[in-house]
$ cat upload_17.txt   # compact mmCIF, C-alpha atoms
# COMPACT_ATOMS: atom_id res chain seq x y z
CA MET A 77 -16.11 -14.33 -14.01
CA THR A 78 -17.69 -14.99 -10.66
CA ALA A 79 -16.46 -13.03 -7.71
CA LEU A 80 -13.31 -14.11 -5.96
CA HIS A 81 -14.10 -14.25 -2.25
CA LEU A 82 -11.39 -13.90 0.39
CA GLU A 83 -11.62 -13.72 4.17
CA PHE A 84 -8.93 -12.79 6.66
CA ASP A 85 -8.77 -12.74 10.44
CA VAL A 86 -6.91 -9.65 11.59
CA ALA A 87 -5.25 -10.12 14.99
CA GLY A 88 -5.56 -7.30 17.51
CA ASN A 89 -2.47 -5.54 18.86
CA ASN A 90 -0.26 -7.65 16.64
CA PHE A 91 2.06 -5.57 14.51
CA VAL A 92 3.97 -8.61 13.24
CA SER A 93 1.04 -9.73 11.11
CA ALA A 94 -0.44 -6.25 10.56
CA GLY A 95 -0.67 -5.56 6.86
CA SER A 96 -0.56 -9.21 5.79
CA ALA A 97 -4.20 -9.29 4.64
CA SER A 98 -3.61 -6.13 2.57
CA ASP A 99 -0.47 -7.70 1.14
CA GLU A 100 -2.37 -10.85 0.13
CA VAL A 101 -5.09 -8.82 -1.58
CA LYS A 102 -2.50 -6.69 -3.35
CA LYS A 103 -0.72 -9.80 -4.66
CA THR A 104 -4.02 -11.31 -5.81
CA LEU A 105 -5.03 -8.16 -7.71
CA LYS A 106 -1.61 -7.98 -9.38
CA MET A 107 -1.92 -11.63 -10.40
CA LEU A 108 -5.35 -10.90 -11.87
CA GLY A 109 -3.79 -8.13 -13.96
CA VAL A 110 -5.60 -5.23 -12.28
CA GLY A 111 -3.96 -1.86 -13.16
CA ALA A 112 -1.19 -0.67 -10.83
CA GLN A 113 -2.98 2.58 -9.93
CA PHE A 114 -6.03 0.66 -8.68
CA VAL A 115 -3.91 -1.88 -6.81
CA ARG A 116 -2.20 1.02 -5.02
CA LYS A 117 -5.53 2.55 -3.98
CA VAL A 118 -6.72 -0.78 -2.58
CA ALA A 119 -3.43 -1.41 -0.78
CA ILE A 120 -3.51 1.99 0.95
CA ALA A 121 -7.19 1.88 1.94
CA MET A 122 -7.09 -1.70 3.16
CA TYR A 123 -3.84 -1.27 5.12
CA GLU A 124 -5.29 1.73 6.95
CA GLY A 125 -8.40 -0.28 7.77
CA GLU A 126 -6.38 -3.24 8.92
CA ILE A 127 -4.22 -1.06 11.13
CA ASN A 128 -7.29 0.58 12.65
CA MET A 129 -8.62 -2.84 13.67
CA VAL A 130 -5.22 -3.81 15.09
CA ILE A 131 -4.88 -0.59 17.12
CA HIS A 132 -8.41 0.27 18.17
CA ALA A 133 -10.61 -2.82 17.98
CA GLY A 134 -8.63 -5.81 19.23
CA GLY A 135 -8.67 -7.18 15.70
CA GLY A 136 -11.50 -8.15 13.38
CA LYS A 137 -12.35 -9.66 10.06
CA ALA A 138 -11.67 -8.54 6.50
CA ILE A 139 -14.08 -9.85 3.88
CA VAL A 140 -13.03 -9.17 0.31
CA ASP A 141 -14.92 -9.76 -2.93
CA ILE A 142 -13.16 -9.16 -6.22
CA TYR A 143 -15.30 -8.67 -9.33
CA PRO A 144 -14.05 -8.01 -12.88
CA ASP A 145 -14.71 -4.27 -12.52
CA ARG A 146 -14.31 -3.59 -8.81
CA ILE A 147 -13.31 -4.77 -5.33
CA VAL A 148 -15.53 -4.61 -2.27
CA ILE A 149 -13.80 -4.71 1.11
CA VAL A 150 -15.76 -5.13 4.33
CA LEU A 151 -13.91 -4.68 7.62
CA GLU A 152 -15.83 -5.87 10.66
CA ASP A 153 -14.79 -5.55 14.26
CA LYS A 154 -16.30 -5.94 17.69
CA GLY A 155 -14.31 -3.06 19.13
CA PRO A 156 -15.46 -0.07 21.17
CA GLY A 157 -17.16 1.66 18.23
CA ILE A 158 -16.73 5.26 17.08
CA PRO A 159 -18.80 7.77 19.10
CA ASP A 160 -18.45 10.66 16.63
CA ILE A 161 -17.76 9.52 13.07
CA GLU A 162 -17.64 13.06 11.68
CA LEU A 163 -14.89 13.98 14.15
CA ALA A 164 -13.02 10.71 13.50
CA MET A 165 -13.02 11.51 9.76
CA LYS A 166 -11.25 14.85 10.26
CA ASP A 167 -7.70 15.06 8.93
CA GLY A 168 -5.30 14.88 11.85
CA TYR A 169 -7.80 13.74 14.49
CA SER A 170 -6.46 10.73 16.36
CA THR A 171 -7.20 8.85 19.56
CA ALA A 172 -4.13 6.64 19.23
CA PRO A 173 -2.14 6.44 22.48
CA GLU A 174 1.46 7.62 22.78
CA ALA A 175 2.92 4.11 22.43
CA ILE A 176 1.13 3.68 19.10
CA ARG A 177 2.28 7.09 17.87
CA ASN A 178 5.83 6.04 18.60
CA LEU A 179 5.36 3.22 16.07
CA GLY A 180 4.56 5.77 13.36
CA PHE A 181 0.77 5.63 13.55
CA GLY A 182 -1.68 8.14 14.94
CA ALA A 183 -1.26 10.83 12.28
CA GLY A 184 -5.03 11.02 12.16
CA MET A 185 -4.96 10.21 8.44
CA GLY A 186 -6.19 6.61 8.50
CA LEU A 187 -9.91 7.15 7.88
CA PRO A 188 -9.32 10.17 5.58
CA ASN A 189 -6.93 8.04 3.50
CA MET A 190 -9.50 5.25 3.29
CA LYS A 191 -12.11 7.68 2.01
CA LYS A 192 -9.69 9.40 -0.36
CA TYR A 193 -8.52 6.22 -2.07
CA THR A 194 -11.87 4.49 -2.48
CA ASP A 195 -14.84 5.18 -4.76
CA SER A 196 -17.37 4.46 -2.05
CA PHE A 197 -16.80 4.44 1.68
CA LYS A 198 -19.26 3.79 4.49
CA ILE A 199 -18.86 3.44 8.26
CA ASP A 200 -21.49 1.81 10.45
CA SER A 201 -20.56 1.98 14.09
CA VAL A 202 -22.34 1.29 17.36
CA VAL A 203 -20.56 2.29 20.56
CA GLY A 204 -19.90 -0.80 22.66
CA GLU A 205 -20.72 -3.18 19.82
CA GLY A 206 -18.31 -2.54 16.97
CA THR A 207 -17.66 -1.00 13.61
CA THR A 208 -18.16 -2.12 10.02
CA VAL A 209 -16.42 -0.29 7.20
CA THR A 210 -17.47 -1.01 3.61
CA MET A 211 -15.24 0.25 0.79
CA THR A 212 -15.34 -0.16 -2.97
CA VAL A 213 -12.62 0.59 -5.49
CA ASN A 214 -13.62 0.55 -9.17
CA PHE A 215 -11.08 -0.72 -11.68
CA ALA A 216 -11.73 1.96 -14.28
CA ALA A 217 -10.49 5.49 -14.75
CA MET B 109 19.08 7.25 -10.53
CA ASN B 110 19.04 3.72 -9.20
CA ILE B 111 19.52 2.06 -5.86
CA LYS B 112 23.22 1.41 -6.39
CA SER B 113 23.93 5.07 -7.23
CA ILE B 114 22.11 6.22 -4.08
CA ILE B 115 24.14 3.84 -1.94
CA GLU B 116 27.31 5.33 -3.45
CA ASP B 117 26.11 8.92 -2.97
CA LEU B 118 25.37 8.28 0.69
CA GLY B 119 28.17 5.86 1.48
CA ALA B 120 25.39 3.94 3.13
CA ARG B 121 25.44 0.57 4.91
CA ILE B 122 23.34 -2.15 3.33
CA ILE B 123 20.74 -3.88 5.49
CA HIS B 124 19.28 -5.86 2.61
CA LEU B 125 19.63 -5.42 -1.10
CA GLU B 126 17.50 -7.40 -3.50
CA GLU B 127 17.45 -5.17 -6.60
CA PRO B 128 20.61 -3.01 -6.83
CA GLU B 129 19.77 -1.93 -10.38
CA ARG B 130 16.15 -0.95 -9.62
CA GLU B 131 15.29 2.51 -10.87
CA VAL B 132 14.29 5.12 -8.31
CA VAL B 133 11.76 7.76 -9.31
CA GLY B 134 11.20 10.59 -6.83
CA GLY B 135 11.28 10.44 -3.08
CA TYR B 136 9.53 11.17 0.20
CA CYS B 137 10.65 12.07 3.73
CA GLY B 138 8.55 11.27 6.77
CA ASP B 139 7.87 9.11 9.80
CA PHE B 140 4.08 9.08 10.04
CA LEU B 141 3.19 5.94 8.14
CA SER B 142 -0.22 7.15 6.94
CA ASN B 143 1.48 10.09 5.24
CA VAL B 144 4.14 7.89 3.71
CA ILE B 145 1.82 5.22 2.33
CA SER B 146 -0.40 7.88 0.81
CA LYS B 147 2.22 10.31 -0.49
CA ALA B 148 5.39 8.39 -1.35
CA PRO B 149 5.26 7.70 -5.10
CA ALA B 150 5.64 4.14 -6.39
CA ASP B 151 9.32 3.26 -7.09
CA SER B 152 10.51 6.16 -4.91
CA VAL B 153 13.17 6.43 -2.20
CA TRP B 154 11.88 6.94 1.36
CA PHE B 155 13.95 8.72 4.02
CA THR B 156 12.90 8.05 7.60
CA VAL B 157 14.09 7.56 11.16
CA MET B 158 11.30 5.07 11.93
CA ASN B 159 12.76 1.61 12.47
CA ASN B 160 10.06 -0.90 13.41
CA GLN B 161 8.41 -3.69 11.41
CA ASN B 162 5.60 -1.45 10.13
CA VAL B 163 8.17 0.23 7.89
CA ALA B 164 8.43 -3.01 5.90
CA ALA B 165 4.64 -3.26 5.51
CA VAL B 166 4.41 0.32 4.22
CA GLN B 167 7.39 -0.10 1.89
CA THR B 168 5.80 -3.24 0.42
CA LEU B 169 2.29 -1.85 0.02
CA ALA B 170 3.39 1.48 -1.45
CA ASP B 171 5.88 -0.19 -3.85
CA ILE B 172 8.73 1.94 -2.53
CA SER B 173 12.04 1.03 -4.23
CA LEU B 174 14.39 1.84 -1.37
CA THR B 175 14.10 2.81 2.28
CA VAL B 176 16.94 4.89 3.76
CA LEU B 177 17.11 4.81 7.55
CA CYS B 178 18.74 8.10 8.53
CA GLU B 179 20.68 9.34 11.59
CA GLY B 180 22.37 5.94 11.91
CA VAL B 181 19.11 4.35 13.03
CA GLU B 182 19.43 0.57 12.90
CA PRO B 183 16.42 -1.62 12.09
CA ASP B 184 15.20 -3.68 15.02
CA GLU B 185 15.33 -7.48 14.71
CA THR B 186 11.73 -7.89 13.50
CA LEU B 187 12.14 -5.21 10.84
CA ARG B 188 15.39 -6.76 9.66
CA ALA B 189 13.69 -10.18 9.35
CA LYS B 190 10.72 -8.72 7.47
CA VAL B 191 12.91 -6.84 5.02
CA VAL B 192 14.71 -10.06 4.15
CA ASP B 193 11.49 -12.07 4.02
CA LYS B 194 9.74 -9.62 1.71
CA GLY B 195 12.81 -9.00 -0.45
CA LEU B 196 12.95 -5.25 0.20
CA ASN B 197 15.82 -2.83 -0.33
CA MET B 198 16.98 -1.03 2.81
CA ILE B 199 20.08 0.93 3.75
CA VAL B 200 21.34 2.98 6.71
CA THR B 201 23.11 6.33 6.60
CA ASP B 202 24.53 8.34 9.49
CA LEU B 203 23.33 11.55 7.83
CA PRO B 204 20.23 13.37 9.07
CA VAL B 205 17.28 13.33 6.63
CA TYR B 206 17.95 16.79 5.11
CA GLU B 207 21.64 16.09 4.57
CA ALA B 208 20.89 12.66 3.13
CA VAL B 209 18.52 14.07 0.52
CA LYS B 210 21.05 16.77 -0.39
CA ALA B 211 23.74 14.14 -0.91
CA ILE B 212 21.77 12.40 -3.66
CA LYS B 213 23.17 13.41 -7.06

$ encode --input "upload_17.txt" --output "structure tokens"
Amino acid sequence: MTALHLEFDVAGNNFVSAGSASDEVKKTLKMLGVGAQFVRKVAIAMYEGEINMVIHAGGGKAIVDIYPDRIVIVLEDKGPGIPDIELAMKDGYSTAPEAIRNLGFGAGMGLPNMKKYTDSFKIDSVVGEGTTVTMTVNFAA
Amino acid sequence: MNIKSIIEDLGARIIHLEEPEREVVGGYCGDFLSNVISKAPADSVWFTVMNNQNVAAVQTLADISLTVLCEGVEPDETLRAKVVDKGLNMIVTDLPVYEAVKAIK
């Protein structure tokens, strides 16, 4: 099987469409017969990434490649970048404003969740230019 | 335990009900969506007071069977529309979260 390639534009500050790319990917994986526990990991990690782009980056792009044994998700944005990635990765650390917290976000668990539910996780970020997150989930125990 | 039995236990109001017979396994209480999506088990019941459209996204992605809005919190219009659109199960109870969980038999 060749890779299935999907691309999504994620709109910034738009909570109506937030999560729709993750939902599409989840549906696709289910249709392909990928095990429920792997679909769940992908759904959690990708939703967190999508939400981060919506809240912090004014939107971005999600590029998804599905192989027989794994999924690779690349999230690219041209947002403000992350000055201190180590700090941003800490459980409970959040820079989300009050209005965003009132929506149920800003627990400071987005990036930690993405790392926890993926088999490889990488952040490349340049302040003032943007952030690229690359995540892989393997479809095997 | 299924959705119908929970509705009876709580005397809850139905916002949208797509699968009354769906089994419910376990539960989770919380309002921070990153905690919920990560910790609520698949097919569980979720007790919350959060009532915006992101609730529907989390319920869908985490495969949560039923969302119970507590303290009489009503879903806003966009959440209501999303719940219908995505075919989710959602109810409202006037009970606070702790009392609602206790009322489940």

$ interface_residues --input "upload_17.txt" --of "chain B" --to "chain A" --cutoff "12 Å" --atoms "all atoms listed in the file" --output "number ranges by chain"
B: 138-151, 156-172, 185-187, 189-190, 194

$ residues_around --input "upload_17.txt" --residues "range 135-141 of chain A" --least-positions-apart "4" --cutoff "8 Å" --atoms "all atoms listed in the file" --output "JSON, numbers by chain"
{"A": [79, 80, 81, 82, 83, 84, 85, 86, 87, 88, 89, 97, 126, 129, 130, 131, 147, 148, 149, 150, 151, 152, 153, 154, 155]}

$ atom_distance --input "upload_17.txt" --atom1 "CA of Ile114 in chain B" --atom2 "CA of Lys213 in chain B"
7.9 Å

$ closest_residue --input "upload_17.txt" --among "B:Glu207, B:Ile199, B:Asp193, B:Cys178" --to "Glu116 in chain B" --atoms "only C-alpha atoms"
B:Ile199

$ atom_distance --input "upload_17.txt" --atom1 "CA of Val191 in chain B" --atom2 "CA of Met107 in chain A"
21.9 Å

$ residues_near_point --input "upload_17.txt" --point "(14.9, 7.6, -3.0)" --cutoff "8 Å" --atoms "only C-alpha atoms" --output "list in words"
Ile111, Ile114, Val132, Val133, Gly134, Gly135, Tyr136, Ser152, Val153, Trp154, Phe155, Ser173, Leu174, Thr175 and Val176 of chain B

$ atom_distance --input "upload_17.txt" --atom1 "CA of Arg146 in chain A" --atom2 "CA of Gly111 in chain A"
11.4 Å

$ closest_residue --input "upload_17.txt" --among "A:Thr212, A:Thr194, A:Thr78, A:Asn128" --to "Gly157 in chain A" --atoms "only C-alpha atoms"
A:Asn128

$ residues_around --input "upload_17.txt" --residues "Arg121 in chain B" --least-positions-apart "6" --cutoff "9 Å" --atoms "all atoms listed in the file" --output "NGL selection string"
:B and (115 or 198-201)

$ closest_residue --input "upload_17.txt" --among "B:Ile122, B:Ala208, B:Asn110, B:Glu127" --to "Gly195 in chain B" --atoms "all atoms listed in the file"
B:Glu127

$ residues_around --input "upload_17.txt" --residues "Asp200 in chain A" --least-positions-apart "2" --cutoff "10 Å" --atoms "only C-alpha atoms" --output "PyMOL selection string"
chain A and resi 152+157-158+161+198+202+206-210

$ residues_around --input "upload_17.txt" --residues "Asn197 in chain B" --least-positions-apart "6" --cutoff "6 Å" --atoms "all atoms listed in the file" --output "PyMOL selection string"
chain B and resi 124-126+174

$ decode --input "upload_17.txt" --residues "range 79-210 of chain A" --atoms "C-alpha atoms" --output "mmCIF file, in the first residue's frame"
data_model
loop_
_atom_site.group_PDB
_atom_site.id
_atom_site.type_symbol
_atom_site.label_atom_id
_atom_site.label_comp_id
_atom_site.auth_asym_id
_atom_site.auth_seq_id
_atom_site.Cartn_x
_atom_site.Cartn_y
_atom_site.Cartn_z
ATOM 1 C CA ALA A 79 0.856 6.142 1.745
ATOM 2 C CA LEU A 80 -2.444 7.912 2.030
ATOM 3 C CA HIS A 81 -1.716 11.635 2.011
ATOM 4 C CA LEU A 82 -4.094 14.148 3.572
ATOM 5 C CA GLU A 83 -3.769 17.898 4.057
ATOM 6 C CA PHE A 84 -5.934 20.210 6.125
ATOM 7 C CA ASP A 85 -6.026 23.956 6.624
ATOM 8 C CA VAL A 86 -6.664 24.736 10.275
ATOM 9 C CA ALA A 87 -8.341 28.118 10.774
ATOM 10 C CA GLY A 88 -7.035 30.345 13.557
ATOM 11 C CA ASN A 89 -9.291 31.424 16.417
ATOM 12 C CA ASN A 90 -12.130 29.378 14.995
ATOM 13 C CA PHE A 91 -13.599 26.986 17.523
ATOM 14 C CA VAL A 92 -16.470 25.986 15.228
ATOM 15 C CA SER A 93 -14.145 24.055 12.936
ATOM 16 C CA ALA A 94 -11.536 23.190 15.594
ATOM 17 C CA GLY A 95 -11.125 19.449 15.766
ATOM 18 C CA SER A 96 -12.526 18.759 12.301
ATOM 19 C CA ALA A 97 -9.158 17.714 10.828
ATOM 20 C CA SER A 98 -8.625 15.316 13.751
ATOM 21 C CA ASP A 99 -12.132 13.971 13.246
ATOM 22 C CA GLU A 100 -11.469 13.341 9.539
ATOM 23 C CA VAL A 101 -8.231 11.512 10.298
ATOM 24 C CA LYS A 102 -9.930 9.458 12.994
ATOM 25 C CA LYS A 103 -12.704 8.433 10.589
ATOM 26 C CA THR A 104 -10.153 7.528 7.908
ATOM 27 C CA LEU A 105 -8.128 5.343 10.287
ATOM 28 C CA LYS A 106 -11.285 3.577 11.476
ATOM 29 C CA MET A 107 -12.288 2.944 7.862
ATOM 30 C CA LEU A 108 -8.845 1.492 7.182
ATOM 31 C CA GLY A 109 -9.359 -0.910 10.083
ATOM 32 C CA VAL A 110 -6.623 0.509 12.328
ATOM 33 C CA GLY A 111 -6.982 -0.754 15.948
ATOM 34 C CA ALA A 112 -9.127 1.370 18.269
ATOM 35 C CA GLN A 113 -6.301 1.974 20.763
ATOM 36 C CA PHE A 114 -4.109 3.500 18.037
ATOM 37 C CA VAL A 115 -6.964 5.560 16.613
ATOM 38 C CA ARG A 116 -7.524 6.997 20.098
ATOM 39 C CA LYS A 117 -3.853 7.965 20.473
ATOM 40 C CA VAL A 118 -3.893 9.724 17.100
ATOM 41 C CA ALA A 119 -7.170 11.502 17.856
ATOM 42 C CA ILE A 120 -5.882 12.871 21.175
ATOM 43 C CA ALA A 121 -2.471 13.964 19.886
ATOM 44 C CA MET A 122 -3.806 15.543 16.719
ATOM 45 C CA TYR A 123 -6.672 17.361 18.463
ATOM 46 C CA GLU A 124 -4.243 18.911 20.941
ATOM 47 C CA GLY A 125 -2.021 20.013 18.063
ATOM 48 C CA GLU A 126 -4.939 21.407 16.138
ATOM 49 C CA ILE A 127 -6.176 23.329 19.164
ATOM 50 C CA ASN A 128 -2.703 24.745 19.775
ATOM 51 C CA MET A 129 -2.641 26.149 16.234
ATOM 52 C CA VAL A 130 -6.152 27.576 16.668
ATOM 53 C CA ILE A 131 -5.321 29.251 20.003
ATOM 54 C CA HIS A 132 -1.697 30.300 19.678
ATOM 55 C CA ALA A 133 -0.723 30.483 16.011
ATOM 56 C CA GLY A 134 -3.613 31.985 14.050
ATOM 57 C CA GLY A 135 -4.098 28.612 12.388
ATOM 58 C CA GLY A 136 -1.822 26.482 10.254
ATOM 59 C CA LYS A 137 -1.597 23.356 8.196
ATOM 60 C CA ALA A 138 -1.876 19.679 9.102
ATOM 61 C CA ILE A 139 -0.109 17.271 6.765
ATOM 62 C CA VAL A 140 -0.903 13.626 7.387
ATOM 63 C CA ASP A 141 0.628 10.521 5.830
ATOM 64 C CA ILE A 142 -0.850 7.142 6.659
ATOM 65 C CA TYR A 143 1.283 4.049 6.039
ATOM 66 C CA PRO A 144 0.307 0.422 6.719
ATOM 67 C CA ASP A 145 2.238 0.411 10.003
ATOM 68 C CA ARG A 146 2.153 4.025 11.171
ATOM 69 C CA ILE A 147 0.838 7.572 10.788
ATOM 70 C CA VAL A 148 3.012 10.660 10.486
ATOM 71 C CA ILE A 149 1.393 13.981 11.353
ATOM 72 C CA VAL A 150 3.122 17.280 10.616
ATOM 73 C CA LEU A 151 1.584 20.462 12.028
ATOM 74 C CA GLU A 152 3.000 23.652 10.565
ATOM 75 C CA ASP A 153 2.188 27.175 11.607
ATOM 76 C CA LYS A 154 3.502 30.660 11.082
ATOM 77 C CA GLY A 155 2.665 31.752 14.607
ATOM 78 C CA PRO A 156 4.818 33.500 17.201
ATOM 79 C CA GLY A 157 6.980 30.441 17.911
ATOM 80 C CA ILE A 158 7.829 28.916 21.293
ATOM 81 C CA PRO A 159 10.678 30.716 23.111
ATOM 82 C CA ASP A 160 11.336 27.958 25.661
ATOM 83 C CA ILE A 161 10.246 24.520 24.466
ATOM 84 C CA GLU A 162 11.359 22.763 27.657
ATOM 85 C CA LEU A 163 9.138 25.053 29.735
ATOM 86 C CA ALA A 164 6.226 24.699 27.289
ATOM 87 C CA MET A 165 6.463 20.900 27.631
ATOM 88 C CA LYS A 166 5.988 21.009 31.415
ATOM 89 C CA ASP A 167 2.719 19.565 32.716
ATOM 90 C CA GLY A 168 0.444 22.427 33.698
ATOM 91 C CA TYR A 169 2.416 25.233 32.036
ATOM 92 C CA SER A 170 0.129 27.366 29.896
ATOM 93 C CA THR A 171 0.202 30.765 28.229
ATOM 94 C CA ALA A 172 -3.458 30.581 27.216
ATOM 95 C CA PRO A 173 -5.352 33.779 28.070
ATOM 96 C CA GLU A 174 -8.303 33.863 30.463
ATOM 97 C CA ALA A 175 -10.910 33.841 27.666
ATOM 98 C CA ILE A 176 -9.418 30.625 26.289
ATOM 99 C CA ARG A 177 -9.319 29.018 29.737
ATOM 100 C CA ASN A 178 -13.004 29.762 30.078
ATOM 101 C CA LEU A 179 -13.576 27.550 27.027
ATOM 102 C CA GLY A 180 -11.965 24.611 28.834
ATOM 103 C CA PHE A 181 -8.465 24.915 27.397
ATOM 104 C CA GLY A 182 -5.271 26.102 29.019
ATOM 105 C CA ALA A 183 -4.754 23.168 31.389
ATOM 106 C CA GLY A 184 -1.156 23.123 30.226
ATOM 107 C CA MET A 185 -1.557 19.513 29.110
ATOM 108 C CA GLY A 186 -1.662 19.974 25.328
ATOM 109 C CA LEU A 187 2.000 19.397 24.471
ATOM 110 C CA PRO A 188 2.486 16.783 27.239
ATOM 111 C CA ASN A 189 -0.528 14.874 25.877
ATOM 112 C CA MET A 190 0.898 15.016 22.356
ATOM 113 C CA LYS A 191 4.181 13.557 23.570
ATOM 114 C CA LYS A 192 2.488 10.966 25.772
ATOM 115 C CA TYR A 193 0.253 9.557 23.043
ATOM 116 C CA THR A 194 2.779 9.421 20.213
ATOM 117 C CA ASP A 195 5.770 7.163 19.571
ATOM 118 C CA SER A 196 7.926 9.991 18.298
ATOM 119 C CA PHE A 197 7.427 13.690 18.877
ATOM 120 C CA LYS A 198 9.534 16.616 17.701
ATOM 121 C CA ILE A 199 9.077 20.393 17.918
ATOM 122 C CA ASP A 200 10.998 22.805 15.707
ATOM 123 C CA SER A 201 10.233 26.380 16.579
ATOM 124 C CA VAL A 202 11.695 29.744 15.658
ATOM 125 C CA VAL A 203 10.418 32.778 17.552
ATOM 126 C CA GLY A 204 8.738 35.170 15.130
ATOM 127 C CA GLU A 205 8.631 32.609 12.324
ATOM 128 C CA GLY A 206 6.565 29.649 13.462
ATOM 129 C CA THR A 207 6.457 26.131 14.770
ATOM 130 C CA THR A 208 6.494 22.695 13.171
ATOM 131 C CA VAL A 209 5.474 19.657 15.189
ATOM 132 C CA THR A 210 6.158 16.189 13.776
#
